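As provided, my_file27.csv (CSV, C-alpha atoms and all ligand atoms) reads as follows.
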```csv
chain,number,residue,atom,x,y,z
M,1,MET,CA,45.7,208.0,-30.8
M,2,VAL,CA,44.0,205.2,-28.8
M,3,LYS,CA,44.4,201.9,-30.5
M,4,GLN,CA,41.4,199.7,-31.3
M,5,ARG,CA,41.7,196.6,-29.2
M,6,ALA,CA,40.0,193.3,-28.7
M,7,GLU,CA,37.2,193.2,-26.1
M,8,ARG,CA,39.2,191.3,-23.5
M,9,ASN,CA,42.4,193.2,-24.1
M,10,ARG,CA,43.4,194.9,-20.9
M,11,THR,CA,46.4,196.9,-22.0
M,12,ILE,CA,46.9,200.1,-20.1
M,13,SER,CA,47.2,203.0,-22.6
M,14,LEU,CA,46.8,206.8,-22.6
M,15,ALA,CA,43.8,208.5,-24.1
M,16,ASP,CA,44.7,211.7,-26.0
M,17,ASP,CA,43.8,214.0,-23.1
M,18,GLU,CA,45.6,211.8,-20.5
M,19,MET,CA,49.2,212.3,-21.6
M,20,GLY,CA,49.4,215.9,-20.3
M,21,PHE,CA,47.4,215.0,-17.2
M,22,TYR,CA,49.6,212.1,-16.1
M,23,PHE,CA,52.9,213.7,-17.2
M,24,SER,CA,52.3,216.7,-15.1
M,25,ARG,CA,52.7,214.5,-12.0
M,26,CYS,CA,56.2,213.6,-13.0
M,27,VAL,CA,59.2,215.5,-11.6
M,28,CYS,CA,61.2,217.4,-14.2
M,29,ASP,CA,62.9,220.2,-12.4
M,30,ALA,CA,62.8,219.6,-8.6
M,31,THR,CA,65.8,219.9,-6.4
M,32,LEU,CA,67.0,216.4,-7.0
M,33,SER,CA,69.5,216.5,-4.1
M,34,ASP,CA,66.6,216.8,-1.6
M,35,LEU,CA,65.4,213.3,-0.8
M,36,SER,CA,62.0,214.5,0.2
M,37,CYS,CA,61.5,216.1,-3.3
M,38,VAL,CA,62.3,212.9,-5.2
M,39,THR,CA,61.0,210.0,-3.0
M,40,ASP,CA,58.0,208.3,-4.6
M,41,THR,CA,58.4,210.1,-7.8
M,42,VAL,CA,58.9,209.4,-11.5
M,43,ILE,CA,61.6,211.7,-12.7
M,44,CYS,CA,61.7,212.5,-16.4
M,45,GLY,CA,65.2,212.9,-17.5
M,46,ASP,CA,68.5,211.3,-18.5
M,47,ALA,CA,69.5,208.6,-16.0
M,48,LEU,CA,73.1,209.6,-15.7
M,49,ASN,CA,72.3,213.3,-15.4
M,50,VAL,CA,69.7,212.6,-12.7
M,51,ILE,CA,71.7,210.1,-10.7
M,52,ARG,CA,74.6,212.6,-10.4
M,53,GLN,CA,72.2,214.9,-8.5
M,54,LEU,CA,70.6,212.4,-6.2
M,55,PRO,CA,71.6,212.4,-2.5
M,56,ALA,CA,74.5,210.1,-1.6
M,57,ALA,CA,74.0,206.8,0.4
M,58,SER,CA,70.2,207.0,0.2
M,59,VAL,CA,69.1,203.9,-1.8
M,60,ASP,CA,68.5,200.4,-0.3
M,61,LEU,CA,67.8,198.5,-3.5
M,62,LEU,CA,68.8,199.2,-7.0
M,63,LEU,CA,66.9,197.6,-9.8
M,64,VAL,CA,68.2,198.1,-13.3
M,65,ASP,CA,66.7,197.0,-16.6
M,66,PRO,CA,68.9,198.9,-19.0
M,67,PRO,CA,68.4,199.0,-22.8
M,68,TYR,CA,69.9,195.7,-24.0
M,69,ASN,CA,72.4,196.2,-26.8
M,70,LEU,CA,69.9,195.9,-29.6
M,71,ASN,CA,68.4,198.2,-32.2
M,72,LYS,CA,65.2,199.1,-30.4
M,73,THR,CA,62.7,201.9,-30.5
M,74,PHE,CA,61.6,203.3,-27.1
M,75,GLY,CA,58.9,205.9,-27.7
M,76,ALA,CA,60.4,208.7,-29.6
M,77,THR,CA,64.0,207.4,-29.3
M,78,LYS,CA,65.8,204.8,-31.3
M,79,PHE,CA,68.4,202.9,-29.2
M,80,LYS,CA,71.2,201.9,-31.5
M,81,GLN,CA,73.2,198.8,-31.1
M,82,MET,CA,76.8,199.7,-30.0
M,83,SER,CA,80.0,197.8,-30.3
M,84,ALA,CA,80.9,195.6,-27.3
M,85,ASP,CA,83.5,198.2,-26.2
M,86,GLU,CA,80.9,201.0,-26.3
M,87,TYR,CA,78.3,199.0,-24.4
M,88,THR,CA,81.0,198.2,-21.8
M,89,ALA,CA,81.8,202.0,-21.5
M,90,PHE,CA,78.0,202.8,-21.2
M,91,THR,CA,77.7,200.1,-18.4
M,92,GLU,CA,80.8,201.3,-16.6
M,93,GLU,CA,79.4,204.8,-16.7
M,94,TRP,CA,76.0,204.2,-15.1
M,95,ILE,CA,77.4,201.7,-12.6
M,96,THR,CA,80.1,204.1,-11.5
M,97,SER,CA,77.7,207.0,-11.0
M,98,VAL,CA,75.0,205.0,-9.3
M,99,LYS,CA,77.5,203.6,-6.7
M,100,ARG,CA,77.5,206.9,-4.8
M,101,VAL,CA,73.8,206.8,-4.1
M,102,LEU,CA,73.7,203.3,-2.6
M,103,LYS,CA,73.7,202.6,1.1
M,104,THR,CA,76.5,200.2,2.2
M,105,THR,CA,73.8,197.6,2.9
M,106,ALA,CA,72.3,197.9,-0.6
M,107,SER,CA,71.6,195.2,-3.1
M,108,ILE,CA,71.7,195.5,-6.8
M,109,TYR,CA,69.9,193.5,-9.5
M,110,VAL,CA,70.6,194.0,-13.2
M,111,CYS,CA,68.6,192.4,-16.1
M,112,CYS,CA,70.4,191.3,-19.2
M,113,ASP,CA,70.0,189.1,-22.3
M,114,TRP,CA,72.7,186.5,-22.9
M,115,ARG,CA,74.8,188.9,-24.9
M,116,THR,CA,74.8,191.9,-22.5
M,117,SER,CA,75.2,189.5,-19.6
M,118,LEU,CA,78.7,188.8,-20.9
M,119,ILE,CA,79.5,192.5,-20.5
M,120,ILE,CA,77.5,193.5,-17.5
M,121,GLY,CA,78.6,190.5,-15.2
M,122,PRO,CA,82.3,191.4,-15.3
M,123,VAL,CA,81.7,195.1,-14.8
M,124,LEU,CA,79.5,194.4,-11.8
M,125,MET,CA,82.2,192.1,-10.4
M,126,ASN,CA,84.7,195.0,-10.5
M,127,HIS,CA,82.4,197.3,-8.5
M,128,PHE,CA,80.4,195.0,-6.2
M,129,ASN,CA,80.1,191.6,-4.6
M,130,VAL,CA,78.3,189.4,-7.1
M,131,GLN,CA,76.1,187.0,-5.1
M,132,ASN,CA,74.3,185.1,-7.9
M,133,ARG,CA,73.0,185.1,-11.4
M,134,ILE,CA,69.3,184.3,-11.8
M,135,THR,CA,68.1,182.8,-15.0
M,136,TRP,CA,64.6,183.7,-16.0
M,137,GLN,CA,63.0,181.4,-18.5
M,138,ARG,CA,60.7,184.0,-20.0
M,139,GLU,CA,59.2,181.5,-22.5
M,140,LYS,CA,58.2,183.9,-25.2
M,141,GLY,CA,60.9,184.6,-27.8
M,142,ARG,CA,61.2,185.2,-31.5
M,143,GLY,CA,61.8,181.9,-33.4
M,144,ALA,CA,65.2,181.7,-35.1
M,145,THR,CA,65.9,179.5,-38.1
M,146,HIS,CA,69.7,179.5,-37.8
M,147,ASN,CA,70.1,179.7,-34.1
M,148,TRP,CA,68.4,178.8,-30.8
M,149,LYS,CA,65.4,180.8,-29.9
M,150,ASN,CA,66.2,183.4,-27.3
M,151,ALA,CA,63.9,182.5,-24.4
M,152,MET,CA,65.9,183.4,-21.3
M,153,GLU,CA,67.3,186.4,-19.5
M,154,ASP,CA,69.8,186.8,-16.8
M,155,ILE,CA,69.4,188.9,-13.7
M,156,TRP,CA,72.6,189.5,-11.8
M,157,PHE,CA,72.4,189.9,-8.0
M,158,ALA,CA,75.1,191.9,-6.3
M,159,THR,CA,75.6,193.7,-3.0
M,160,VAL,CA,77.8,196.5,-1.9
M,161,LEU,CA,79.2,194.6,1.1
M,162,PRO,CA,80.0,190.9,0.9
M,163,LYS,CA,77.9,189.8,3.9
M,164,THR,CA,75.8,192.6,5.2
M,165,PHE,CA,72.6,192.8,3.1
M,166,THR,CA,68.9,192.0,3.3
M,167,PHE,CA,67.6,188.7,2.1
M,168,ASN,CA,64.1,187.7,3.2
M,169,VAL,CA,64.0,184.1,2.0
M,170,ASP,CA,60.6,183.4,3.7
M,171,ASP,CA,59.0,186.2,1.7
M,172,VAL,CA,59.8,184.7,-1.7
M,173,LYS,CA,58.8,181.0,-1.4
M,174,MET,CA,57.4,179.2,-4.3
M,175,ARG,CA,54.2,177.1,-3.9
M,176,ARG,CA,54.6,174.0,-6.1
M,177,LYS,CA,52.5,171.0,-6.8
M,178,VAL,CA,53.9,167.9,-5.1
M,179,ILE,CA,54.7,165.3,-7.8
M,180,ALA,CA,55.7,162.4,-5.5
M,181,PRO,CA,53.9,162.9,-2.2
M,182,TYR,CA,56.0,161.3,0.5
M,183,LYS,CA,54.4,160.3,3.8
M,184,VAL,CA,55.8,159.5,7.2
M,185,ASP,CA,53.6,157.5,9.6
M,186,GLY,CA,50.7,158.2,7.2
M,187,LYS,CA,51.2,161.9,7.3
M,188,PRO,CA,52.4,164.3,4.6
M,189,LYS,CA,56.1,165.1,5.0
M,190,ASP,CA,56.6,168.9,4.4
M,191,TRP,CA,53.5,169.3,2.2
M,192,VAL,CA,49.8,169.6,2.6
M,193,GLU,CA,46.8,167.9,1.0
M,194,SER,CA,43.9,170.0,-0.2
M,195,ASP,CA,40.9,169.5,-2.5
M,196,CYS,CA,42.8,171.5,-5.1
M,197,GLY,CA,45.9,169.2,-5.0
M,198,ASN,CA,48.9,168.7,-2.9
M,199,PHE,CA,51.3,171.6,-2.4
M,200,ARG,CA,54.7,172.4,-0.9
M,201,ASP,CA,56.2,175.9,-0.3
M,202,THR,CA,59.8,175.6,-1.6
M,203,PHE,CA,62.9,177.7,-1.2
M,204,PRO,CA,63.4,179.9,-4.3
M,205,SER,CA,66.2,178.9,-6.6
M,206,ASN,CA,68.1,180.9,-9.2
M,207,PHE,CA,66.1,179.4,-12.0
M,208,TRP,CA,62.8,181.1,-12.5
M,209,ASP,CA,60.3,179.3,-14.7
M,210,ASP,CA,57.1,180.6,-13.2
M,211,ILE,CA,56.9,184.1,-14.8
M,212,SER,CA,55.5,185.1,-18.1
M,213,ILE,CA,56.1,188.3,-20.0
M,214,PRO,CA,53.0,190.6,-19.7
M,215,TYR,CA,50.6,190.0,-22.5
M,216,TRP,CA,47.4,191.7,-23.8
M,217,SER,CA,44.9,190.1,-21.4
M,218,MET,CA,46.9,190.8,-18.3
M,219,PRO,CA,45.8,193.9,-16.3
M,220,GLU,CA,49.5,195.1,-15.9
M,221,ASN,CA,50.2,195.1,-19.7
M,222,THR,CA,51.2,198.3,-21.5
M,223,ASP,CA,52.5,199.0,-25.0
M,224,HIS,CA,56.1,199.4,-23.7
M,225,PRO,CA,58.2,197.0,-25.9
M,226,THR,CA,60.2,195.5,-23.1
M,227,GLN,CA,58.0,195.7,-20.0
M,228,LYS,CA,59.1,193.4,-17.1
M,229,PRO,CA,56.4,191.4,-15.2
M,230,GLU,CA,55.3,192.7,-11.8
M,231,LYS,CA,55.8,189.2,-10.4
M,232,LEU,CA,59.5,189.2,-11.3
M,233,ILE,CA,60.1,192.6,-9.8
M,234,ALA,CA,58.0,191.6,-6.7
M,235,LYS,CA,60.4,188.7,-6.0
M,236,LEU,CA,63.4,191.0,-6.1
M,237,ILE,CA,61.8,193.7,-4.0
M,238,LEU,CA,60.5,191.3,-1.4
M,239,ALA,CA,63.8,189.4,-1.1
M,240,SER,CA,66.1,192.3,-1.0
M,241,SER,CA,64.3,195.1,0.8
M,242,ASN,CA,62.1,195.8,3.8
M,243,PRO,CA,58.9,197.9,4.0
M,244,GLY,CA,59.8,201.6,4.0
M,245,ASP,CA,63.1,201.0,2.1
M,246,LEU,CA,63.9,203.1,-0.9
M,247,VAL,CA,64.1,201.4,-4.3
M,248,LEU,CA,65.8,203.1,-7.3
M,249,ASP,CA,65.2,202.2,-11.0
M,250,PRO,CA,67.2,204.5,-13.4
M,251,PHE,CA,65.6,203.0,-16.5
M,252,LEU,CA,62.0,202.8,-15.4
M,253,GLY,CA,60.2,202.2,-18.7
M,254,SER,CA,56.5,201.7,-18.1
M,255,GLY,CA,56.9,202.0,-14.3
M,256,THR,CA,56.9,198.4,-13.2
M,257,THR,CA,59.5,198.9,-10.4
M,258,ALA,CA,57.7,201.9,-9.0
M,259,VAL,CA,54.3,200.2,-9.1
M,260,VAL,CA,55.5,197.1,-7.4
M,261,ALA,CA,57.4,199.1,-4.8
M,262,LYS,CA,54.2,201.0,-4.0
M,263,LYS,CA,52.1,197.8,-3.8
M,264,LEU,CA,54.6,196.3,-1.4
M,265,ASN,CA,55.0,199.4,0.8
M,266,ARG,CA,58.4,200.4,-0.3
M,267,HIS,CA,59.5,203.9,-1.4
M,268,TYR,CA,60.7,204.4,-5.0
M,269,ILE,CA,62.5,206.7,-7.3
M,270,GLY,CA,62.1,206.0,-11.0
M,271,ILE,CA,64.0,207.7,-13.9
M,272,GLU,CA,62.9,207.5,-17.5
M,273,CYS,CA,63.8,209.7,-20.4
M,274,GLU,CA,60.6,209.1,-22.5
M,275,ARG,CA,57.7,211.4,-21.6
M,276,GLU,CA,55.1,208.9,-22.8
M,277,TYR,CA,56.5,206.1,-20.5
M,278,CYS,CA,56.7,208.5,-17.6
M,279,ALA,CA,53.0,209.3,-18.1
M,280,ILE,CA,52.1,205.5,-18.4
M,281,ALA,CA,54.0,204.9,-15.2
M,282,GLU,CA,52.0,207.6,-13.4
M,283,LYS,CA,48.8,206.1,-14.7
M,284,ARG,CA,49.8,202.7,-13.4
M,285,LEU,CA,50.7,204.2,-10.0
M,286,GLU,CA,47.3,205.7,-9.8
M,287,ILE,CA,45.7,202.3,-10.6
M,288,ALA,CA,47.8,200.9,-7.7
M,289,ASP,CA,46.0,203.3,-5.3
M,290,THR,CA,43.1,200.9,-5.4
M,291,ASP,CA,44.5,197.7,-6.8
M,292,LEU,CA,47.3,196.1,-5.0
M,293,GLU,CA,47.2,192.7,-6.8
M,294,ILE,CA,50.3,191.3,-8.3
M,295,GLN,CA,49.4,188.5,-10.6
M,296,GLY,CA,51.0,185.2,-9.6
M,297,TYR,CA,51.6,186.3,-6.0
M,298,THR,CA,48.8,185.5,-3.5
M,299,ASP,CA,48.7,184.4,0.1
M,300,GLY,CA,52.3,185.6,0.5
M,301,VAL,CA,53.7,183.0,-1.9
M,302,PHE,CA,54.6,182.8,-5.6
M,303,TRP,CA,52.7,180.4,-7.7
M,304,GLU,CA,53.7,178.3,-10.7
M,305,ARG,CA,52.8,179.5,-14.2
M,306,ASN,CA,49.2,179.2,-15.3
M,307,THR,CA,47.7,178.6,-11.9
M,308,LEU,CA,45.5,181.7,-11.8
M,309,ALA,CA,42.2,179.6,-11.7
M,310,LEU,CA,43.6,177.6,-8.8
M,311,GLN,CA,44.6,180.7,-6.9
M,312,GLN,CA,41.2,182.2,-7.5
M,313,LYS,CA,39.5,179.0,-6.4
M,314,LEU,CA,41.5,179.0,-3.2
M,315,LYS,CA,40.8,182.7,-2.6
M,316,SER,CA,37.1,182.3,-3.0
M,317,GLY,CA,36.1,180.0,-0.3
M,318,MET,CA,38.8,177.4,0.1
M,319,GLN,CA,41.1,179.7,2.1
M,320,GLY,CA,42.2,178.1,5.4
M,321,GLN,CA,42.2,174.7,4.0
M,322,LEU,CA,45.7,175.4,2.6
M,323,ASN,CA,48.0,176.9,5.2
M,324,LEU,CA,51.5,176.0,4.4
M,325,VAL,CA,53.1,178.8,6.4
M,326,GLY,CA,55.8,177.4,8.7
M,327,LEU,CA,56.6,174.3,6.7
C,401,LIG,C1,64.5,197.9,-20.9
C,401,LIG,S1,63.5,199.3,-20.8
C,401,LIG,C2,62.9,199.2,-19.1
C,401,LIG,C3,61.6,198.5,-19.0
C,401,LIG,C4,61.0,198.5,-17.6
C,401,LIG,N1,61.7,197.6,-16.8
C,401,LIG,C5,59.5,198.2,-17.6
C,401,LIG,O1,59.1,197.2,-16.9
C,401,LIG,O2,58.8,198.8,-18.3
C,401,LIG,C6,64.7,200.5,-20.7
C,401,LIG,C7,64.1,201.9,-20.6
C,401,LIG,O3,65.2,202.9,-20.4
C,401,LIG,C8,64.8,204.1,-21.0
C,401,LIG,N2,66.1,204.8,-21.2
C,401,LIG,C9,67.1,204.5,-22.2
C,401,LIG,N3,68.1,205.3,-22.0
C,401,LIG,C10,67.8,206.1,-20.9
C,401,LIG,C11,68.5,207.2,-20.2
C,401,LIG,N4,69.7,207.5,-20.6
C,401,LIG,N5,67.9,207.7,-19.2
C,401,LIG,C12,66.7,207.4,-18.8
C,401,LIG,N6,66.0,206.4,-19.4
C,401,LIG,C13,66.5,205.8,-20.4
C,401,LIG,C14,64.1,203.6,-22.3
C,401,LIG,O4,63.3,204.7,-22.8
C,401,LIG,C15,63.3,202.4,-21.8
C,401,LIG,O5,62.0,202.8,-21.5
```
For this file, produce the structure as structure tokens.
Amino acid sequence: MVKQRAERNRTISLADDEMGFYFSRCVCDATLSDLSCVTDTVICGDALNVIRQLPAASVDLLLVDPPYNLNKTFGATKFKQMSADEYTAFTEEWITSVKRVLKTTASIYVCCDWRTSLIIGPVLMNHFNVQNRITWQREKGRGATHNWKNAMEDIWFATVLPKTFTFNVDDVKMRRKVIAPYKVDGKPKDWVESDCGNFRDTFPSNFWDDISIPYWSMPENTDHPTQKPEKLIAKLILASSNPGDLVLDPFLGSGTTAVVAKKLNRHYIGIECEREYCAIAEKRLEIADTDLEIQGYTDGVFWERNTLALQQKLKSGMQGQLNLVGL
């Protein structure tokens, strides 16, 4: 049943007759050990079962957004909160099996809330070289009367080898407004002036305060309950893979990783157990055939929150006046 939505609501959903159409594009019974059969596909199945069949040493970048340890309904399935020991065993199991499919040069990112971070971090440390922990200030969160509102998530960054891995720092710079413009000999020092303000392209830190959770008026939004923003996934993919590389997401949900990989010229394999989300992912992948936009990422840089109007202004006519590349 298609929900009635407000006029400006841009949520991607499936009409009654679209479910079968899009789901038929997913892989359900291919020879999973043959890379050519699974590259650039959404595989409908259980992550562990599928991973065991994928070819060894084939993946350049692993992005994992596992179910957090909460009672949560994903489509037809209710994920039940486990004890800490059970969640540790679940984490240990998928990490152990996914190791086999990674290239030695691969990077790994795993999303967590504060509670699962306490479990996932140590397990990652046992298997990989943990390089960093990103804190994403996601802003939105349910108010709590007897505790602090939960408004951040962790993203662990690990690699197979301690030193040999891809990190394209110039591809993930942040364009920020300059608060205190400093000049040397009357000229801006490492920033540029424009009619739209003064800007500097800065090195990305491990604190991300520029990304909002997808909401109803964003073109990427779906009804998936825990959809990640394309902008967030774009940072991870741009930093830690190169065009043509293969990105694996074993808990694909609404398809964000596959969609962003496609938009950024990477290959992907997505695994998701819910048929409805697989179909949504395929619909989003079709939209990406003609729309490569990633909200918040224009001109090869990431912009601060709520700067869409500014980005559009620069795009429509002011381009060229602001060229910070090479700063
Ligand atoms: C946190 S969500 C991922 C959301 C995703 N990052 C997105 O942007 O939409 C986790 C997903 O894993 C799926 N899932 C849970 N257990 C799974 C399993 N054993 N195999 C495959 N998918 C599973 C759930 O259905 C859910 O869609």
Using atom CA of Trp114 of chain M and atom CA of Glu304 of chain M as the two end points, give the distance in Å to one decimal.
-> 24.0 Å
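Atom C5 of ligand LIG 401 (chain C) to atom CA of Thr222 of chain M spans 9.2 Å [interatomic distance, one decimal].
Candidate residues M:Ser107, M:Gln311, M:Ser36, M:Asn132 were compared for distance to Asp299 of chain M, and the nearest is M:Gln311, using all atoms listed in the file.
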Per residue of chain M within 6 Å of ligand LIG 401 (chain C), note the shortest atom pair and the distance in Å to one decimal, counting all atoms listed in the file, and order the rows by chain and increasing residue number, as JSON lines.
```
{"residue": "M:Gly45", "atom": "CA", "partner": "C:LIG401", "partner_atom": "C12", "distance": 5.8}
{"residue": "M:Asp46", "atom": "CA", "partner": "C:LIG401", "partner_atom": "N5", "distance": 3.7}
{"residue": "M:Ala47", "atom": "CA", "partner": "C:LIG401", "partner_atom": "N5", "distance": 3.7}
{"residue": "M:Asp65", "atom": "CA", "partner": "C:LIG401", "partner_atom": "C1", "distance": 4.9}
{"residue": "M:Pro66", "atom": "CA", "partner": "C:LIG401", "partner_atom": "C6", "distance": 4.8}
{"residue": "M:Pro67", "atom": "CA", "partner": "C:LIG401", "partner_atom": "C1", "distance": 4.5}
{"residue": "M:Phe74", "atom": "CA", "partner": "C:LIG401", "partner_atom": "O4", "distance": 4.8}
{"residue": "M:Thr226", "atom": "CA", "partner": "C:LIG401", "partner_atom": "C3", "distance": 5.3}
{"residue": "M:Gln227", "atom": "CA", "partner": "C:LIG401", "partner_atom": "O1", "distance": 3.6}
{"residue": "M:Lys228", "atom": "CA", "partner": "C:LIG401", "partner_atom": "O1", "distance": 3.8}
{"residue": "M:Phe251", "atom": "CA", "partner": "C:LIG401", "partner_atom": "O3", "distance": 3.9}
{"residue": "M:Leu252", "atom": "CA", "partner": "C:LIG401", "partner_atom": "C4", "distance": 4.9}
{"residue": "M:Gly253", "atom": "CA", "partner": "C:LIG401", "partner_atom": "O5", "distance": 3.4}
{"residue": "M:Ser254", "atom": "CA", "partner": "C:LIG401", "partner_atom": "O2", "distance": 3.7}
{"residue": "M:Gly255", "atom": "CA", "partner": "C:LIG401", "partner_atom": "O2", "distance": 5.5}
{"residue": "M:Thr256", "atom": "CA", "partner": "C:LIG401", "partner_atom": "O1", "distance": 4.5}
{"residue": "M:Ile271", "atom": "CA", "partner": "C:LIG401", "partner_atom": "C12", "distance": 5.6}
{"residue": "M:Glu272", "atom": "CA", "partner": "C:LIG401", "partner_atom": "N6", "distance": 3.8}
{"residue": "M:Cys273", "atom": "CA", "partner": "C:LIG401", "partner_atom": "C12", "distance": 4.0}
{"residue": "M:Glu274", "atom": "CA", "partner": "C:LIG401", "partner_atom": "O4", "distance": 5.2}
```
Which distance in Å separates atom CA of Asn206 of chain M and atom CA of Thr159 of chain M, to one decimal?
-> 16.1 Å
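For the residues M:Ser24, M:Thr11, M:Leu310, M:Glu86, ranking by smallest atom-to-atom distance to Val42 of chain M using all atoms listed in the file places M:Ser24 first.
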Do a neighbour search on segment 52-63 of chain M at 8 Å with all atoms listed in the file, toss out local chain neighbours closer than 2 positions, and write the hits as a PyMOL selection string.
-> chain M and resi 32-35+48-50+65+97-98+100-110+237+240-241+245-250+257
For the residues in that selection, give me C-alpha atoms as a compact mmCIF listing (two decimals), in the coordinates of the input.
```
# COMPACT_ATOMS: atom_id res chain seq x y z
CA LEU M 32 67.00 216.40 -7.00
CA SER M 33 69.50 216.50 -4.10
CA ASP M 34 66.60 216.80 -1.60
CA LEU M 35 65.40 213.30 -0.80
CA LEU M 48 73.10 209.60 -15.70
CA ASN M 49 72.30 213.30 -15.40
CA VAL M 50 69.70 212.60 -12.70
CA ASP M 65 66.70 197.00 -16.60
CA SER M 97 77.70 207.00 -11.00
CA VAL M 98 75.00 205.00 -9.30
CA ARG M 100 77.50 206.90 -4.80
CA VAL M 101 73.80 206.80 -4.10
CA LEU M 102 73.70 203.30 -2.60
CA LYS M 103 73.70 202.60 1.10
CA THR M 104 76.50 200.20 2.20
CA THR M 105 73.80 197.60 2.90
CA ALA M 106 72.30 197.90 -0.60
CA SER M 107 71.60 195.20 -3.10
CA ILE M 108 71.70 195.50 -6.80
CA TYR M 109 69.90 193.50 -9.50
CA VAL M 110 70.60 194.00 -13.20
CA ILE M 237 61.80 193.70 -4.00
CA SER M 240 66.10 192.30 -1.00
CA SER M 241 64.30 195.10 0.80
CA ASP M 245 63.10 201.00 2.10
CA LEU M 246 63.90 203.10 -0.90
CA VAL M 247 64.10 201.40 -4.30
CA LEU M 248 65.80 203.10 -7.30
CA ASP M 249 65.20 202.20 -11.00
CA PRO M 250 67.20 204.50 -13.40
CA THR M 257 59.50 198.90 -10.40
```
Determine, counting only C-alpha atoms, which protein, DNA and RNA residues have an atom within 10 Å of an atom of Lys262 of chain M; residues of the same chain fewer than 2 positions away are not included. Present the result as a CSV table (one decimal) with C-alpha atoms, in the frame of the given file.
```csv
chain,number,residue,atom,x,y,z
M,40,ASP,CA,58.0,208.3,-4.6
M,243,PRO,CA,58.9,197.9,4.0
M,244,GLY,CA,59.8,201.6,4.0
M,247,VAL,CA,64.1,201.4,-4.3
M,256,THR,CA,56.9,198.4,-13.2
M,257,THR,CA,59.5,198.9,-10.4
M,258,ALA,CA,57.7,201.9,-9.0
M,259,VAL,CA,54.3,200.2,-9.1
M,260,VAL,CA,55.5,197.1,-7.4
M,264,LEU,CA,54.6,196.3,-1.4
M,265,ASN,CA,55.0,199.4,0.8
M,266,ARG,CA,58.4,200.4,-0.3
M,267,HIS,CA,59.5,203.9,-1.4
M,268,TYR,CA,60.7,204.4,-5.0
M,285,LEU,CA,50.7,204.2,-10.0
M,288,ALA,CA,47.8,200.9,-7.7
M,289,ASP,CA,46.0,203.3,-5.3
M,292,LEU,CA,47.3,196.1,-5.0
```
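The smallest atom-to-atom distance between Phe207 of chain M and any of M:Glu230, M:Glu193, M:Asp17, M:Glu153, using all atoms listed in the file, is found for M:Glu153.
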Would you mind telling me which residue in M:Cys26, M:Ile51, M:Ala6, M:Val123 lies nearest to Arg275 of chain M when using all atoms listed in the file?
-> M:Cys26
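Of the listed residues M:Asp185, M:Ile179, M:Thr166, M:Pro204, the one whose atoms come nearest to Asn242 of chain M is M:Thr166, with distances taken using all atoms listed in the file.
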Polymer residues at most 8 Å from Tyr87 of chain M, all atoms listed in the file, same-chain spacing of 5 or more positions, as JSON, numbers by chain = {"M": [69, 82, 119]}
